[in-house]
Amino acid sequence: MSATRLLIDVGNTRLKWALVRDRQMTETGAALHDGEPARAVAALPAATVDAVWMAHVTGDAHEAALCEAVRLRFCVNPQLARSATEWRGLRNAYREPQRLGVDRWLAMVAAWHARRGAACVVDAGTALTADVIAADGAHRGGLIAAGLETQQRAVLGATRFATRAAGAPYRGGLGDDTESCVRQGAMLACLGAIDRARALAGADAACLLTGGDAGTLRAHLAAGWEMRPQLVLEGLRAVSEND
């Protein structure tokens, strides 16, 4: 009987998971954690697993509670993924490699694992991140910006605009009232950052897009972007299997 592994990716707002059997992710899911990621462990599937691999960006304050919650639920000590100096030819650009967010590192691992070549990897969530990998595996660096919702909250929180509830969809152009102008400002800022990262990556780079807002942004980007909703978990799977 093949071993079953549980992969857990704890982001700023969501906990995502996947079950791996026979080296394939057979089930996936996600749950909001509202700043209490250890409590969200209760939303994970009630499965018998042989190993648990976890990556999180919630800091030391939550790590012990997350590990204890996993131990209590699955009777397994989780293996924690960390950003590394190198992984099978992929080389971290940070002078202090451990300071690179593990979600960014795992997304790059997934890109490099799938295609040993140049890539632009974008994760559109609470933060918008982009990382560029050269054809030889050198991480050329990246960027971190506010995500769609984060930008809008920042603008509205720092101004005295009289705004109404905003429920209209994002568009590719300009707004025609205060709410849509704030919304479109955030949208075009994210699109501009993504376009600039892609240009820096070069014409031959694979372009991979993940994160909660990936679908919204993809609709307004040029052709060539590949949606990979489980990219961080794909990287965690590769690291857990030492592929």
# chains A, B, ... in the order shown; residues from 1 in each chain; ligands from 1

call {"tool": "select_by_dssp", "arguments": {"residues": "stretch 59-141 of chain A", "states": "helix (DSSP H, G or I)", "output": "MDAnalysis selection string"}}
result
chainID A and resid 60:74 97:99 102:114

call {"tool": "write_last_selection", "arguments": {"atoms": "N, CA and C atoms", "output": "CSV table (one decimal), in the first residue's frame"}}
result
chain,number,residue,atom,x,y,z
A,60,ASP,N,7.4,33.0,13.7
A,60,ASP,CA,7.6,32.2,14.8
A,60,ASP,C,6.5,32.1,15.8
A,61,ALA,N,5.7,33.2,15.9
A,61,ALA,CA,4.6,33.3,16.8
A,61,ALA,C,3.6,32.2,16.6
A,62,HIS,N,3.4,31.7,15.4
A,62,HIS,CA,2.4,30.7,15.1
A,62,HIS,C,3.0,29.3,14.8
A,63,GLU,N,4.3,29.2,14.6
A,63,GLU,CA,4.8,27.9,14.2
A,63,GLU,C,4.6,26.8,15.2
A,64,ALA,N,4.9,27.1,16.5
A,64,ALA,CA,4.7,26.1,17.5
A,64,ALA,C,3.2,25.6,17.6
A,65,ALA,N,2.3,26.5,17.6
A,65,ALA,CA,0.9,26.2,17.7
A,65,ALA,C,0.5,25.4,16.4
A,66,LEU,N,1.0,25.8,15.3
A,66,LEU,CA,0.6,25.0,14.1
A,66,LEU,C,1.1,23.6,14.2
A,67,CYS,N,2.4,23.4,14.6
A,67,CYS,CA,3.0,22.1,14.7
A,67,CYS,C,2.2,21.2,15.7
A,68,GLU,N,1.8,21.8,16.8
A,68,GLU,CA,1.1,21.1,17.8
A,68,GLU,C,-0.3,20.7,17.3
A,69,ALA,N,-0.9,21.6,16.6
A,69,ALA,CA,-2.3,21.3,16.1
A,69,ALA,C,-2.2,20.1,15.1
A,70,VAL,N,-1.1,20.1,14.3
A,70,VAL,CA,-1.0,19.0,13.3
A,70,VAL,C,-0.7,17.7,14.1
A,71,ARG,N,0.2,17.7,15.1
A,71,ARG,CA,0.5,16.5,15.8
A,71,ARG,C,-0.7,15.9,16.5
A,72,LEU,N,-1.6,16.8,17.1
A,72,LEU,CA,-2.8,16.3,17.7
A,72,LEU,C,-3.8,15.7,16.8
A,73,ARG,N,-3.9,16.3,15.6
A,73,ARG,CA,-4.9,15.8,14.6
A,73,ARG,C,-4.4,14.6,13.9
A,74,PHE,N,-3.1,14.5,13.5
A,74,PHE,CA,-2.7,13.4,12.6
A,74,PHE,C,-1.7,12.5,13.3
A,97,PRO,N,19.6,33.6,2.6
A,97,PRO,CA,18.6,32.8,2.0
A,97,PRO,C,17.3,32.5,2.8
A,98,GLN,N,17.5,32.3,4.1
A,98,GLN,CA,16.4,32.0,5.0
A,98,GLN,C,15.3,33.2,5.1
A,99,ARG,N,15.7,34.4,4.6
A,99,ARG,CA,14.8,35.5,4.7
A,99,ARG,C,13.9,35.6,3.5
A,102,VAL,N,9.2,31.4,2.3
A,102,VAL,CA,9.2,30.0,1.8
A,102,VAL,C,8.2,29.8,0.7
A,103,ASP,N,7.1,30.5,0.7
A,103,ASP,CA,6.1,30.4,-0.3
A,103,ASP,C,6.7,30.8,-1.7
A,104,ARG,N,7.5,31.9,-1.7
A,104,ARG,CA,8.1,32.2,-3.0
A,104,ARG,C,9.2,31.2,-3.4
A,105,TRP,N,9.9,30.7,-2.4
A,105,TRP,CA,10.9,29.7,-2.7
A,105,TRP,C,10.3,28.4,-3.3
A,106,LEU,N,9.2,28.0,-2.7
A,106,LEU,CA,8.6,26.7,-3.2
A,106,LEU,C,7.9,26.9,-4.5
A,107,ALA,N,7.4,28.1,-4.8
A,107,ALA,CA,6.8,28.4,-6.1
A,107,ALA,C,7.9,28.3,-7.2
A,108,MET,N,9.1,28.8,-6.8
A,108,MET,CA,10.2,28.8,-7.8
A,108,MET,C,10.7,27.3,-7.9
A,109,VAL,N,10.7,26.6,-6.8
A,109,VAL,CA,11.1,25.1,-6.9
A,109,VAL,C,10.2,24.4,-7.9
A,110,ALA,N,8.9,24.7,-7.8
A,110,ALA,CA,7.9,24.0,-8.7
A,110,ALA,C,8.2,24.4,-10.1
A,111,ALA,N,8.4,25.7,-10.4
A,111,ALA,CA,8.7,26.1,-11.7
A,111,ALA,C,10.0,25.5,-12.3
A,112,TRP,N,11.0,25.4,-11.5
A,112,TRP,CA,12.3,24.8,-11.9
A,112,TRP,C,12.1,23.3,-12.1
A,113,HIS,N,11.4,22.7,-11.2
A,113,HIS,CA,11.2,21.2,-11.3
A,113,HIS,C,10.4,20.9,-12.6
A,114,ALA,N,9.5,21.7,-13.0
A,114,ALA,CA,8.7,21.4,-14.2
A,114,ALA,C,9.4,21.7,-15.4

call {"tool": "residues_around", "arguments": {"residues": "stretch 11-24 of chain A", "least_positions_apart": "3", "cutoff": "7 Å", "atoms": "only C-alpha atoms", "output": "PDB file with C-alpha atoms, in the first residue's frame"}}
result
ATOM      1  CA  SER A   2       1.468   3.364  -1.010  1.00  0.00           C
ATOM      2  CA  ALA A   3       2.261   6.010   1.588  1.00  0.00           C
ATOM      3  CA  THR A   4       0.018   9.040   1.919  1.00  0.00           C
ATOM      4  CA  ARG A   5       1.473  12.473   2.555  1.00  0.00           C
ATOM      5  CA  LEU A   6      -0.368  15.621   3.581  1.00  0.00           C
ATOM      6  CA  LEU A   7       1.025  18.908   2.274  1.00  0.00           C
ATOM      7  CA  ILE A   8       0.036  22.147   4.032  1.00  0.00           C
ATOM      8  CA  GLU A  27      -7.236  15.874  -3.218  1.00  0.00           C
ATOM      9  CA  THR A  28      -6.827  19.579  -2.532  1.00  0.00           C
ATOM     10  CA  GLY A  29      -8.626  22.220  -0.531  1.00  0.00           C
ATOM     11  CA  ALA A  30      -8.358  25.565   1.227  1.00  0.00           C
ATOM     12  CA  ALA A  31      -9.760  27.368   4.272  1.00  0.00           C
ATOM     13  CA  LEU A  32      -9.543  30.931   5.559  1.00  0.00           C
ATOM     14  CA  HIS A  33      -7.735  31.155   8.887  1.00  0.00           C
ATOM     15  CA  ASP A  34      -8.595  34.716  10.030  1.00  0.00           C
ATOM     16  CA  GLY A  35      -5.181  35.196  11.623  1.00  0.00           C
ATOM     17  CA  HIS A  56       4.063  28.735   6.461  1.00  0.00           C
ATOM     18  CA  VAL A  57       4.686  32.471   6.321  1.00  0.00           C
ATOM     19  CA  THR A  58       3.068  33.272   9.667  1.00  0.00           C
ATOM     20  CA  THR A 126      -2.504  39.426   0.108  1.00  0.00           C
TER      21      THR A 126
END

call {"tool": "closest_atom_pairs", "arguments": {"of": "stretch 72-158 of chain A", "to": "stretch 188-196 of chain A", "cutoff": "12 Å", "atoms": "only C-alpha atoms", "output": "CSV"}}
result
residue,atom,partner,partner_atom,distance
A:Cys120,CA,A:Ile194,CA,9.0
A:Val121,CA,A:Ile194,CA,9.4
A:Val122,CA,A:Ile194,CA,7.3
A:Asp123,CA,A:Ile194,CA,9.8
A:Ala124,CA,A:Cys190,CA,8.6
A:Gly125,CA,A:Cys190,CA,10.8
A:Thr126,CA,A:Cys190,CA,11.7
A:Ala127,CA,A:Cys190,CA,10.0
A:Leu128,CA,A:Cys190,CA,7.3
A:Thr129,CA,A:Ile194,CA,8.7
A:Ala130,CA,A:Ile194,CA,7.1
A:Asp131,CA,A:Ile194,CA,9.9
A:Val132,CA,A:Arg196,CA,11.0
A:Gly142,CA,A:Ala193,CA,10.7
A:Leu143,CA,A:Ala193,CA,8.4
A:Ile144,CA,A:Ala193,CA,9.3
A:Ala145,CA,A:Cys190,CA,8.0
A:Ala146,CA,A:Cys190,CA,8.1
A:Gly147,CA,A:Cys190,CA,7.0
A:Leu148,CA,A:Cys190,CA,7.0
A:Glu149,CA,A:Cys190,CA,10.7
A:Thr150,CA,A:Cys190,CA,11.0
A:Gln151,CA,A:Ala189,CA,8.9
A:Gln152,CA,A:Ala189,CA,10.9

call {"tool": "atom_distance", "arguments": {"atom1": "atom CA of A:Thr178", "atom2": "atom CA of A:Ala219"}}
result
22.7 Å

call {"tool": "residues_around", "arguments": {"residues": "stretch 220-226 of chain A", "least_positions_apart": "5", "cutoff": "7 Å", "atoms": "only C-alpha atoms", "output": "list in words"}}
result
Gly172, Leu191, Cys207, Leu208 and Leu209 of chain A

call {"tool": "select_by_dssp", "arguments": {"residues": "stretch 108-226 of chain A", "states": "strand (DSSP E or B)", "output": "ChimeraX atom specification"}}
result
/A:119-124,127-133,138-146,206-210,225-226
